[in-house]
$ cat target26.cif   # mmCIF, C-alpha atoms
data_start
#
loop_
_atom_site.group_PDB
_atom_site.id
_atom_site.type_symbol
_atom_site.label_atom_id
_atom_site.label_comp_id
_atom_site.auth_asym_id
_atom_site.auth_seq_id
_atom_site.Cartn_x
_atom_site.Cartn_y
_atom_site.Cartn_z
ATOM 1 C CA MET A 19 0.000 0.000 0.000
ATOM 2 C CA THR A 20 2.861 2.401 0.818
ATOM 3 C CA GLN A 21 4.486 1.786 -2.549
ATOM 4 C CA PHE A 22 1.171 2.366 -4.304
ATOM 5 C CA LEU A 23 0.673 5.637 -2.399
ATOM 6 C CA LEU A 24 4.177 6.924 -3.160
ATOM 7 C CA ARG A 25 3.809 6.062 -6.837
ATOM 8 C CA ARG A 26 0.535 7.970 -7.102
ATOM 9 C CA VAL A 27 2.013 10.984 -5.263
ATOM 10 C CA GLY A 28 4.908 10.983 -7.727
ATOM 11 C CA TYR A 29 2.537 10.870 -10.702
ATOM 12 C CA SER A 30 0.532 13.753 -9.247
ATOM 13 C CA LEU A 31 3.615 15.938 -8.733
ATOM 14 C CA VAL A 32 4.840 15.285 -12.271
ATOM 15 C CA THR A 33 1.397 16.184 -13.634
ATOM 16 C CA ILE A 34 1.316 19.472 -11.713
ATOM 17 C CA ILE A 35 4.827 20.378 -12.888
ATOM 18 C CA LEU A 36 3.853 19.674 -16.502
ATOM 19 C CA ALA A 37 0.767 21.839 -16.035
ATOM 20 C CA THR A 38 2.911 24.752 -14.826
ATOM 21 C CA VAL A 39 5.232 24.325 -17.825
ATOM 22 C CA ILE A 40 2.273 24.414 -20.232
ATOM 23 C CA VAL A 41 0.731 27.463 -18.560
ATOM 24 C CA PHE A 42 4.058 29.321 -18.596
ATOM 25 C CA ALA A 43 4.722 28.382 -22.236
ATOM 26 C CA LEU A 44 1.276 29.557 -23.323
ATOM 27 C CA SER A 45 1.803 32.832 -21.477
ATOM 28 C CA ARG A 46 5.000 33.502 -23.407
ATOM 29 C CA MET A 47 3.512 32.362 -26.730
ATOM 30 C CA SER A 48 0.716 34.925 -26.367
ATOM 31 C CA GLY A 49 3.195 37.785 -26.628
ATOM 32 C CA ASP A 50 5.188 40.101 -24.415
ATOM 33 C CA PRO A 51 3.368 40.532 -21.060
ATOM 34 C CA ARG A 52 4.426 44.182 -21.024
ATOM 35 C CA LEU A 53 2.002 44.833 -23.862
ATOM 36 C CA LEU A 54 -0.832 43.911 -21.489
ATOM 37 C CA TYR A 55 0.387 45.866 -18.478
ATOM 38 C CA LEU A 56 1.258 48.977 -20.484
ATOM 39 C CA ASN A 57 -1.804 48.849 -22.725
ATOM 40 C CA ALA A 58 -3.266 51.929 -21.072
ATOM 41 C CA PHE A 59 -0.298 54.013 -22.245
ATOM 42 C CA SER A 60 -0.128 54.834 -25.917
ATOM 43 C CA HIS A 61 3.592 55.595 -25.787
ATOM 44 C CA VAL A 62 6.197 54.634 -23.230
ATOM 45 C CA GLY A 63 9.873 55.384 -23.259
ATOM 46 C CA PRO A 64 12.582 52.725 -23.456
ATOM 47 C CA GLU A 65 13.438 53.294 -19.796
ATOM 48 C CA VAL A 66 9.911 52.409 -18.679
ATOM 49 C CA TRP A 67 9.824 49.461 -21.060
ATOM 50 C CA GLU A 68 13.104 48.063 -19.716
ATOM 51 C CA ALA A 69 12.072 48.723 -16.103
ATOM 52 C CA TRP A 70 8.918 46.653 -16.581
ATOM 53 C CA GLY A 71 11.015 43.957 -18.221
ATOM 54 C CA ARG A 72 13.217 43.734 -15.134
ATOM 55 C CA LYS A 73 10.158 43.768 -12.870
ATOM 56 C CA LEU A 74 8.582 40.850 -14.749
ATOM 57 C CA GLY A 75 11.875 38.985 -15.091
ATOM 58 C CA LEU A 76 11.910 39.255 -18.888
ATOM 59 C CA ASP A 77 15.590 40.257 -18.957
ATOM 60 C CA LYS A 78 16.618 36.682 -18.050
ATOM 61 C CA PRO A 79 16.793 33.531 -20.219
ATOM 62 C CA LEU A 80 13.530 31.655 -20.665
ATOM 63 C CA PRO A 81 14.407 28.680 -18.369
ATOM 64 C CA LEU A 82 15.326 31.100 -15.583
ATOM 65 C CA GLN A 83 12.110 33.021 -16.176
ATOM 66 C CA TYR A 84 10.161 29.796 -15.631
ATOM 67 C CA LEU A 85 12.065 28.946 -12.438
ATOM 68 C CA TYR A 86 11.545 32.400 -10.968
ATOM 69 C CA TRP A 87 7.881 32.314 -11.961
ATOM 70 C CA LEU A 88 7.455 28.865 -10.400
ATOM 71 C CA ARG A 89 9.122 30.075 -7.198
ATOM 72 C CA ASP A 90 6.694 32.997 -6.976
ATOM 73 C CA VAL A 91 3.721 30.675 -7.607
ATOM 74 C CA LEU A 92 4.820 28.312 -4.830
ATOM 75 C CA LEU A 93 5.221 31.282 -2.474
ATOM 76 C CA GLY A 94 1.724 32.520 -3.296
ATOM 77 C CA ASP A 95 2.814 35.511 -5.387
ATOM 78 C CA TRP A 96 0.698 35.056 -8.521
ATOM 79 C CA GLY A 97 0.837 38.657 -9.665
ATOM 80 C CA GLU A 98 -1.945 41.212 -9.854
ATOM 81 C CA SER A 99 -5.018 41.576 -12.006
ATOM 82 C CA ILE A 100 -4.498 43.916 -14.940
ATOM 83 C CA ASP A 101 -8.142 44.991 -14.821
ATOM 84 C CA THR A 102 -8.645 45.573 -11.079
ATOM 85 C CA GLY A 103 -5.176 45.513 -9.527
ATOM 86 C CA ILE A 104 -6.293 42.885 -6.978
ATOM 87 C CA PRO A 105 -3.733 40.135 -6.242
ATOM 88 C CA VAL A 106 -4.509 37.044 -8.302
ATOM 89 C CA TRP A 107 -4.309 34.724 -5.287
ATOM 90 C CA THR A 108 -6.883 36.837 -3.434
ATOM 91 C CA ALA A 109 -9.211 37.058 -6.434
ATOM 92 C CA VAL A 110 -9.113 33.293 -7.043
ATOM 93 C CA THR A 111 -9.412 32.137 -3.425
ATOM 94 C CA ASP A 112 -12.290 34.553 -2.764
ATOM 95 C CA ARG A 113 -14.291 32.938 -5.585
ATOM 96 C CA LEU A 114 -13.279 29.349 -4.829
ATOM 97 C CA PRO A 115 -15.650 28.601 -1.876
ATOM 98 C CA LEU A 116 -18.759 29.376 -3.928
ATOM 99 C CA THR A 117 -17.567 27.166 -6.785
ATOM 100 C CA LEU A 118 -16.883 24.322 -4.343
ATOM 101 C CA LYS A 119 -20.377 24.684 -2.856
ATOM 102 C CA LEU A 120 -21.903 24.549 -6.324
ATOM 103 C CA THR A 121 -19.707 21.592 -7.257
ATOM 104 C CA GLY A 122 -20.738 19.696 -4.134
ATOM 105 C CA GLY A 123 -24.421 20.393 -4.725
ATOM 106 C CA GLY A 124 -24.283 19.256 -8.340
ATOM 107 C CA PHE A 125 -22.362 16.104 -7.457
ATOM 108 C CA VAL A 126 -24.784 15.179 -4.655
ATOM 109 C CA PHE A 127 -27.722 15.622 -7.036
ATOM 110 C CA ALA A 128 -26.047 13.469 -9.707
ATOM 111 C CA VAL A 129 -25.254 10.692 -7.210
ATOM 112 C CA LEU A 130 -28.632 10.676 -5.436
ATOM 113 C CA VAL A 131 -30.557 10.584 -8.715
ATOM 114 C CA GLY A 132 -28.290 8.553 -10.983
ATOM 115 C CA ILE A 133 -27.021 5.697 -8.804
ATOM 116 C CA PRO A 134 -30.279 4.573 -7.097
ATOM 117 C CA LEU A 135 -32.177 4.741 -10.391
ATOM 118 C CA GLY A 136 -29.334 2.867 -12.092
ATOM 119 C CA VAL A 137 -29.435 0.107 -9.472
ATOM 120 C CA LEU A 138 -33.229 -0.214 -9.663
ATOM 121 C CA SER A 139 -33.109 -0.194 -13.455
ATOM 122 C CA GLY A 140 -30.459 -2.912 -13.521
ATOM 123 C CA VAL A 141 -32.080 -5.137 -10.888
ATOM 124 C CA TYR A 142 -35.665 -4.827 -12.111
ATOM 125 C CA ARG A 143 -35.066 -4.935 -15.848
ATOM 126 C CA SER A 144 -38.032 -4.388 -18.190
ATOM 127 C CA SER A 145 -40.064 -3.028 -15.270
ATOM 128 C CA PHE A 146 -41.424 0.438 -14.505
ATOM 129 C CA TRP A 147 -38.119 1.373 -12.824
ATOM 130 C CA ASP A 148 -36.158 0.250 -15.873
ATOM 131 C CA TYR A 149 -38.266 2.315 -18.273
ATOM 132 C CA LEU A 150 -38.121 5.302 -15.921
ATOM 133 C CA GLY A 151 -34.347 5.012 -15.628
ATOM 134 C CA ARG A 152 -33.777 4.747 -19.363
ATOM 135 C CA THR A 153 -36.074 7.710 -19.993
ATOM 136 C CA MET A 154 -34.192 9.811 -17.424
ATOM 137 C CA ALA A 155 -30.874 8.808 -18.999
ATOM 138 C CA VAL A 156 -32.015 9.906 -22.462
ATOM 139 C CA LEU A 157 -33.417 13.195 -21.173
ATOM 140 C CA GLY A 158 -30.340 13.858 -19.075
ATOM 141 C CA GLN A 159 -28.009 13.551 -22.028
ATOM 142 C CA SER A 160 -30.221 15.223 -24.648
ATOM 143 C CA VAL A 161 -31.941 18.167 -22.958
ATOM 144 C CA PRO A 162 -29.627 21.235 -23.078
ATOM 145 C CA ALA A 163 -28.663 22.475 -19.624
ATOM 146 C CA PHE A 164 -29.073 26.157 -20.504
ATOM 147 C CA TRP A 165 -32.636 25.545 -21.759
ATOM 148 C CA LEU A 166 -33.523 23.574 -18.639
ATOM 149 C CA ALA A 167 -32.065 26.342 -16.464
ATOM 150 C CA ILE A 168 -34.339 28.918 -18.077
ATOM 151 C CA VAL A 169 -37.362 26.614 -17.700
ATOM 152 C CA LEU A 170 -36.623 26.074 -13.995
ATOM 153 C CA ILE A 171 -36.335 29.830 -13.461
ATOM 154 C CA LEU A 172 -39.650 30.351 -15.249
ATOM 155 C CA ILE A 173 -41.439 27.709 -13.169
ATOM 156 C CA PHE A 174 -39.933 27.969 -9.682
ATOM 157 C CA SER A 175 -38.943 31.649 -9.614
ATOM 158 C CA VAL A 176 -41.433 33.458 -11.856
ATOM 159 C CA LYS A 177 -44.597 31.317 -11.626
ATOM 160 C CA LEU A 178 -44.392 29.648 -8.213
ATOM 161 C CA GLU A 179 -42.018 32.149 -6.531
ATOM 162 C CA LEU A 180 -40.437 29.361 -4.495
ATOM 163 C CA LEU A 181 -36.744 29.778 -5.353
ATOM 164 C CA PRO A 182 -34.551 32.834 -6.061
ATOM 165 C CA ALA A 183 -33.695 33.292 -9.720
ATOM 166 C CA ALA A 184 -30.115 34.493 -9.219
ATOM 167 C CA GLY A 185 -27.463 35.544 -6.743
ATOM 168 C CA GLN A 186 -25.974 33.875 -3.695
ATOM 169 C CA GLY A 187 -27.292 33.394 -0.197
ATOM 170 C CA GLY A 188 -28.862 30.435 1.604
ATOM 171 C CA ILE A 189 -29.428 26.862 0.483
ATOM 172 C CA SER A 190 -32.375 27.895 -1.676
ATOM 173 C CA HIS A 191 -30.016 29.844 -3.950
ATOM 174 C CA TYR A 192 -28.116 26.654 -4.821
ATOM 175 C CA ILE A 193 -30.987 24.250 -5.513
ATOM 176 C CA MET A 194 -31.593 25.118 -9.164
ATOM 177 C CA PRO A 195 -27.885 25.634 -9.999
ATOM 178 C CA SER A 196 -27.066 22.251 -8.435
ATOM 179 C CA ILE A 197 -29.763 20.546 -10.498
ATOM 180 C CA ILE A 198 -28.491 22.131 -13.708
ATOM 181 C CA LEU A 199 -24.873 21.286 -12.955
ATOM 182 C CA GLY A 200 -25.680 17.690 -12.021
ATOM 183 C CA TRP A 201 -28.282 17.089 -14.743
ATOM 184 C CA PHE A 202 -25.942 15.565 -17.319
ATOM 185 C CA GLY A 203 -23.883 13.755 -14.670
ATOM 186 C CA SER A 204 -26.929 11.999 -13.221
ATOM 187 C CA ALA A 205 -27.647 10.481 -16.644
ATOM 188 C CA GLY A 206 -24.072 9.222 -16.894
ATOM 189 C CA PHE A 207 -24.239 7.667 -13.430
ATOM 190 C CA LEU A 208 -27.540 6.026 -14.304
ATOM 191 C CA ARG A 209 -26.330 4.449 -17.535
ATOM 192 C CA LEU A 210 -23.042 3.189 -16.087
ATOM 193 C CA THR A 211 -24.636 1.834 -12.912
ATOM 194 C CA ARG A 212 -27.396 0.085 -14.852
ATOM 195 C CA SER A 213 -24.918 -1.525 -17.251
ATOM 196 C CA ALA A 214 -22.629 -2.658 -14.427
ATOM 197 C CA MET A 215 -25.529 -4.049 -12.382
ATOM 198 C CA LEU A 216 -26.846 -6.007 -15.366
ATOM 199 C CA ASP A 217 -23.455 -7.685 -15.752
ATOM 200 C CA VAL A 218 -23.084 -8.425 -12.048
ATOM 201 C CA MET A 219 -26.624 -9.732 -11.548
ATOM 202 C CA ASP A 220 -25.974 -12.349 -14.247
ATOM 203 C CA SER A 221 -22.713 -13.535 -12.639
ATOM 204 C CA GLU A 222 -22.368 -16.966 -11.046
ATOM 205 C CA TYR A 223 -21.652 -15.817 -7.495
ATOM 206 C CA VAL A 224 -24.852 -13.739 -7.426
ATOM 207 C CA LYS A 225 -26.848 -16.726 -8.670
ATOM 208 C CA LEU A 226 -25.207 -18.857 -5.957
ATOM 209 C CA ALA A 227 -26.032 -16.295 -3.265
ATOM 210 C CA ARG A 228 -29.623 -16.172 -4.475
ATOM 211 C CA ALA A 229 -29.802 -20.002 -4.378
ATOM 212 C CA LYS A 230 -28.537 -19.966 -0.771
ATOM 213 C CA GLY A 231 -31.417 -17.719 0.216
ATOM 214 C CA VAL A 232 -29.565 -14.432 0.691
ATOM 215 C CA GLY A 233 -32.035 -11.585 1.157
ATOM 216 C CA LYS A 234 -32.785 -9.231 -1.715
ATOM 217 C CA PHE A 235 -31.408 -6.140 -0.008
ATOM 218 C CA THR A 236 -28.148 -7.851 1.008
ATOM 219 C CA LEU A 237 -27.788 -9.480 -2.390
ATOM 220 C CA VAL A 238 -28.179 -6.211 -4.285
ATOM 221 C CA TRP A 239 -26.371 -3.691 -2.100
ATOM 222 C CA LYS A 240 -23.673 -5.800 -0.440
ATOM 223 C CA HIS A 241 -22.752 -8.387 -3.068
ATOM 224 C CA ALA A 242 -23.802 -6.950 -6.439
ATOM 225 C CA PHE A 243 -23.464 -3.194 -6.004
ATOM 226 C CA ARG A 244 -19.987 -3.290 -4.488
ATOM 227 C CA ASN A 245 -18.666 -5.269 -7.447
ATOM 228 C CA ALA A 246 -20.422 -2.931 -9.878
ATOM 229 C CA LEU A 247 -18.967 0.171 -8.247
ATOM 230 C CA ILE A 248 -15.708 0.546 -10.199
ATOM 231 C CA ALA A 249 -17.218 2.048 -13.378
ATOM 232 C CA PRO A 250 -19.467 4.599 -11.575
ATOM 233 C CA LEU A 251 -16.588 5.425 -9.241
ATOM 234 C CA THR A 252 -14.288 6.233 -12.154
ATOM 235 C CA TYR A 253 -16.952 8.370 -13.755
ATOM 236 C CA GLY A 254 -17.652 10.088 -10.440
ATOM 237 C CA GLY A 255 -14.049 11.184 -9.972
ATOM 238 C CA LEU A 256 -13.840 12.649 -13.460
ATOM 239 C CA LEU A 257 -17.281 14.188 -13.087
ATOM 240 C CA LEU A 258 -16.385 15.903 -9.820
ATOM 241 C CA ALA A 259 -13.264 17.405 -11.393
ATOM 242 C CA GLY A 260 -15.325 18.448 -14.399
ATOM 243 C CA PHE A 261 -17.903 20.123 -12.172
ATOM 244 C CA ALA A 262 -15.214 22.073 -10.325
ATOM 245 C CA THR A 263 -13.714 23.384 -13.567
ATOM 246 C CA GLY A 264 -16.832 23.614 -15.713
ATOM 247 C CA THR A 265 -19.228 25.791 -13.748
ATOM 248 C CA VAL A 266 -19.022 28.726 -16.185
ATOM 249 C CA LEU A 267 -22.460 28.164 -17.718
ATOM 250 C CA THR A 268 -24.251 27.643 -14.409
ATOM 251 C CA GLU A 269 -22.553 30.575 -12.692
ATOM 252 C CA THR A 270 -23.339 32.850 -15.633
ATOM 253 C CA ILE A 271 -27.037 31.938 -15.851
ATOM 254 C CA TYR A 272 -27.638 32.267 -12.106
ATOM 255 C CA ALA A 273 -25.298 35.265 -11.603
ATOM 256 C CA LEU A 274 -23.060 33.431 -9.146
ATOM 257 C CA PRO A 275 -19.612 35.039 -8.652
ATOM 258 C CA GLY A 276 -17.593 31.825 -8.722
ATOM 259 C CA LEU A 277 -14.258 30.798 -10.179
ATOM 260 C CA GLY A 278 -15.674 29.824 -13.563
ATOM 261 C CA ARG A 279 -17.293 33.219 -14.036
ATOM 262 C CA LEU A 280 -14.059 34.902 -12.944
ATOM 263 C CA ALA A 281 -12.152 33.041 -15.674
ATOM 264 C CA LEU A 282 -14.771 34.037 -18.265
ATOM 265 C CA GLN A 283 -14.547 37.689 -17.246
ATOM 266 C CA ALA A 284 -10.749 37.471 -17.476
ATOM 267 C CA VAL A 285 -11.051 36.240 -21.064
ATOM 268 C CA TYR A 286 -13.321 39.159 -21.995
ATOM 269 C CA ALA A 287 -11.035 41.693 -20.268
ATOM 270 C CA ASN A 288 -7.809 40.084 -21.575
ATOM 271 C CA ASP A 289 -6.760 39.854 -17.920
ATOM 272 C CA PHE A 290 -3.944 37.358 -18.396
ATOM 273 C CA PRO A 291 -2.751 36.997 -14.763
ATOM 274 C CA ILE A 292 -6.261 36.116 -13.551
ATOM 275 C CA LEU A 293 -6.727 33.622 -16.365
ATOM 276 C CA GLN A 294 -3.338 32.063 -15.638
ATOM 277 C CA GLY A 295 -4.146 31.695 -11.946
ATOM 278 C CA SER A 296 -7.551 30.187 -12.724
ATOM 279 C CA VAL A 297 -6.031 27.617 -15.088
ATOM 280 C CA LEU A 298 -3.455 26.622 -12.464
ATOM 281 C CA PHE A 299 -6.188 26.168 -9.880
ATOM 282 C CA PHE A 300 -8.247 24.091 -12.301
ATOM 283 C CA ALA A 301 -5.251 21.864 -13.073
ATOM 284 C CA ALA A 302 -4.458 21.402 -9.384
ATOM 285 C CA MET A 303 -8.077 20.480 -8.627
ATOM 286 C CA TYR A 304 -8.072 17.880 -11.385
ATOM 287 C CA VAL A 305 -4.901 16.302 -9.993
ATOM 288 C CA ILE A 306 -6.200 16.333 -6.413
ATOM 289 C CA PHE A 307 -9.499 14.698 -7.361
ATOM 290 C CA ALA A 308 -7.689 12.084 -9.459
ATOM 291 C CA PHE A 309 -5.403 11.283 -6.508
ATOM 292 C CA ILE A 310 -8.366 10.916 -4.144
ATOM 293 C CA LEU A 311 -10.023 8.641 -6.704
ATOM 294 C CA ASP A 312 -6.928 6.427 -6.831
ATOM 295 C CA MET A 313 -6.990 6.095 -3.058
ATOM 296 C CA ILE A 314 -10.658 5.111 -3.096
ATOM 297 C CA TYR A 315 -9.882 2.526 -5.774
ATOM 298 C CA ALA A 316 -7.333 0.912 -3.505
ATOM 299 C CA PHE A 317 -9.892 0.425 -0.724
ATOM 300 C CA VAL A 318 -12.778 -0.673 -2.942
ATOM 301 C CA ASP A 319 -10.678 -3.213 -4.866
ATOM 302 C CA PRO A 320 -7.483 -4.236 -2.989
ATOM 303 C CA ARG A 321 -6.081 -5.831 -6.167
ATOM 304 C CA ILE A 322 -5.482 -2.368 -7.637
ATOM 305 C CA ARG A 323 -2.878 -1.415 -5.061
ATOM 306 C CA TYR A 324 -0.585 -4.223 -6.298
ATOM 307 C CA GLU A 325 -0.711 -3.286 -9.982
#

$ encode --input "target26.cif" --output "structure tokens"
Amino acid sequence: MTQFLLRRVGYSLVTIILATVIVFALSRMSGDPRLLYLNAFSHVGPEVWEAWGRKLGLDKPLPLQYLYWLRDVLLGDWGESIDTGIPVWTAVTDRLPLTLKLTGGGFVFAVLVGIPLGVLSGVYRSSFWDYLGRTMAVLGQSVPAFWLAIVLILIFSVKLELLPAAGQGGISHYIMPSIILGWFGSAGFLRLTRSAMLDVMDSEYVKLARAKGVGKFTLVWKHAFRNALIAPLTYGGLLLAGFATGTVLTETIYALPGLGRLALQAVYANDFPILQGSVLFFAAMYVIFAFILDMIYAFVDPRIRYE
């Protein structure tokens, strides 16, 4: 187990380092950063130009520029926003809690809807639950999220006046955004869980357990579901990372000031430092979620830790 853990930590560190190299390379490929910082000035003298070059470390060779930039990132100095002058670290971390709340809400919705319906659909095939599950799966993957978001606002905010249409606040502000964020993911959970349960329920050990008189609940949730968990678990880890980095649409529709909306605003304003910090945070979140998923794998299926 220790060797497995160390190997996964090593993979995660290499992935993060590669992400920093890619982000730095893209920043230099986009042009001289001084053109962004000095955009407000139509003409600047060579002294000012060279002074900004020394300030940004552009007077050094490219490998040294990367090392100095990486040192500043590790120390928490991510620069300042060109648009607002706020430190990038402050701007990103202030928006992060809301995005994590939205991510958690969407993931909980996807799990609570997709997995139980997938289990029922796989166990009771060709029944009402099976038809309901397959219908939900088709709707979840075919109905556009932005259209559904508008419909939910029309019904629950305009007509029934039960939920707020936009902004942040209590739990009620996150109900509709969580549904929209988890809508597509619930369909994926449902399809994968149903397929895995169909395979497991036809296996020999399940038939043997049924012949021995094992109860329905124990047979389904202890014997069958645990062995069908690998595929939904893999999807869940990727889905959670995707939620954390793909909340732009939901945050824009419901006017939530999260990290995704911050990155979108940075694109519109050509605010390169903010966009760079957001991308680094997104990459780190992907790596962290993938590492957690690997650890869960090792406990669900002990054979994995020896591969």

$ resolve_selection --input "target26.cif" --expression "the PyMOL selection byres ((chain A and resi 193) around 10)" --output "number ranges by chain"
A: 120, 123-124, 127, 181-182, 188-192, 194-198

$ write_last_selection --input "target26.cif" --atoms "C-alpha atoms" --output "PDB file, in the coordinates of the input"
ATOM      1  CA  LEU A 120     -21.903  24.549  -6.324  1.00  0.00           C
ATOM      2  CA  GLY A 123     -24.421  20.393  -4.725  1.00  0.00           C
ATOM      3  CA  GLY A 124     -24.283  19.256  -8.340  1.00  0.00           C
ATOM      4  CA  PHE A 127     -27.722  15.622  -7.036  1.00  0.00           C
ATOM      5  CA  LEU A 181     -36.744  29.778  -5.353  1.00  0.00           C
ATOM      6  CA  PRO A 182     -34.551  32.834  -6.061  1.00  0.00           C
ATOM      7  CA  GLY A 188     -28.862  30.435   1.604  1.00  0.00           C
ATOM      8  CA  ILE A 189     -29.428  26.862   0.483  1.00  0.00           C
ATOM      9  CA  SER A 190     -32.375  27.895  -1.676  1.00  0.00           C
ATOM     10  CA  HIS A 191     -30.016  29.844  -3.950  1.00  0.00           C
ATOM     11  CA  TYR A 192     -28.116  26.654  -4.821  1.00  0.00           C
ATOM     12  CA  MET A 194     -31.593  25.118  -9.164  1.00  0.00           C
ATOM     13  CA  PRO A 195     -27.885  25.634  -9.999  1.00  0.00           C
ATOM     14  CA  SER A 196     -27.066  22.251  -8.435  1.00  0.00           C
ATOM     15  CA  ILE A 197     -29.763  20.546 -10.498  1.00  0.00           C
ATOM     16  CA  ILE A 198     -28.491  22.131 -13.708  1.00  0.00           C
TER      17      ILE A 198
END

$ residues_around --input "target26.cif" --residues "segment 212-229 of chain A" --least-positions-apart "3" --cutoff "10 Å" --atoms "all atoms listed in the file" --output "PyMOL selection string"
chain A and resi 132-143+148+151-152+206-209+232-234+236-238+241-250

$ resolve_selection --input "target26.cif" --expression "the PyMOL selection byres ((chain A and resi 157) around 12)" --output "list in words"
Leu150, Gly151, Arg152, Thr153, Met154, Ala155, Val156, Gly158, Gln159, Ser160, Val161, Pro162, Ala163, Leu166, Trp201, Phe202, Gly203, Ser204, Ala205, Gly206, Leu208 and Arg209 of chain A

$ axis_aligned_box --input "target26.cif" --around "segment 157-174 of chain A" --padding-each-side "5 Å" --output "AutoDock Vina command-line options"
--center_x -34.7 --center_y 21.8 --center_z -17.2 --size_x 23.4 --size_y 27.2 --size_z 25.0

$ closest_residue --input "target26.cif" --among "A:Ser144, A:Ile292, A:Gly276, A:Leu210" --to "Pro115 of chain A" --atoms "all atoms listed in the file"
A:Gly276

$ resolve_selection --input "target26.cif" --expression "the PyMOL selection byres ((chain A and resi 304) around 12)" --output "ChimeraX atom specification"
/A:30,33-34,37,255-264,297-303,305-311

$ residues_around --input "target26.cif" --residues "Thr117 of chain A" --least-positions-apart "4" --cutoff "8 Å" --atoms "all atoms listed in the file" --output "ChimeraX atom specification"
/A:113,121,262,265,276-278

$ atom_distance --input "target26.cif" --atom1 "atom CA of Thr108 of chain A" --atom2 "atom CA of Thr270 of chain A"
20.9 Å

$ closest_residue --input "target26.cif" --among "A:Ala183, A:Asp77, A:Val126, A:Gly231" --to "Ile271 of chain A" --atoms "all atoms listed in the file"
A:Ala183

$ closest_residue --input "target26.cif" --among "A:Gly97, A:Pro79, A:Gly185, A:Gly71" --to "Tyr272 of chain A" --atoms "only C-alpha atoms"
A:Gly185

$ closest_residue --input "target26.cif" --among "A:Trp70, A:Ile40, A:Pro64, A:Gly295" --to "Leu92 of chain A" --atoms "all atoms listed in the file"
A:Gly295

$ closest_residue --input "target26.cif" --among "A:Ser99, A:Gly187, A:Ser145, A:Glu179" --to "Ala284 of chain A" --atoms "all atoms listed in the file"
A:Ser99

$ build_atoms --input "target26.cif" --residues "segment 183-187 of chain A" --atoms "all heavy atoms" --output "PDB file, in the coordinates of the input"
ATOM      1  N   ALA A 183     -34.117  33.495  -8.336  1.00  0.00           N
ATOM      2  CA  ALA A 183     -33.695  33.292  -9.720  1.00  0.00           C
ATOM      3  C   ALA A 183     -32.200  33.467  -9.909  1.00  0.00           C
ATOM      4  O   ALA A 183     -31.622  32.916 -10.852  1.00  0.00           O
ATOM      5  CB  ALA A 183     -34.439  34.242 -10.646  1.00  0.00           C
ATOM      6  N   ALA A 184     -31.536  34.219  -9.030  1.00  0.00           N
ATOM      7  CA  ALA A 184     -30.115  34.493  -9.219  1.00  0.00           C
ATOM      8  C   ALA A 184     -29.510  34.951  -7.901  1.00  0.00           C
ATOM      9  O   ALA A 184     -30.210  35.191  -6.917  1.00  0.00           O
ATOM     10  CB  ALA A 184     -29.918  35.559 -10.298  1.00  0.00           C
ATOM     11  N   GLY A 185     -28.179  35.053  -7.908  1.00  0.00           N
ATOM     12  CA  GLY A 185     -27.463  35.544  -6.743  1.00  0.00           C
ATOM     13  C   GLY A 185     -27.122  34.445  -5.760  1.00  0.00           C
ATOM     14  O   GLY A 185     -27.481  33.280  -5.935  1.00  0.00           O
ATOM     15  N   GLN A 186     -26.392  34.820  -4.716  1.00  0.00           N
ATOM     16  CA  GLN A 186     -25.974  33.875  -3.695  1.00  0.00           C
ATOM     17  C   GLN A 186     -26.613  34.211  -2.362  1.00  0.00           C
ATOM     18  O   GLN A 186     -27.043  35.336  -2.132  1.00  0.00           O
ATOM     19  CB  GLN A 186     -24.454  33.879  -3.560  1.00  0.00           C
ATOM     20  CG  GLN A 186     -23.846  35.233  -3.236  1.00  0.00           C
ATOM     21  CD  GLN A 186     -22.351  35.180  -3.085  1.00  0.00           C
ATOM     22  OE1 GLN A 186     -21.796  34.177  -2.634  1.00  0.00           O
ATOM     23  NE2 GLN A 186     -21.662  36.245  -3.467  1.00  0.00           N
ATOM     24  N   GLY A 187     -26.668  33.216  -1.495  1.00  0.00           N
ATOM     25  CA  GLY A 187     -27.292  33.394  -0.197  1.00  0.00           C
ATOM     26  C   GLY A 187     -27.409  32.072   0.523  1.00  0.00           C
ATOM     27  O   GLY A 187     -26.419  31.374   0.724  1.00  0.00           O
TER      28      GLY A 187
END
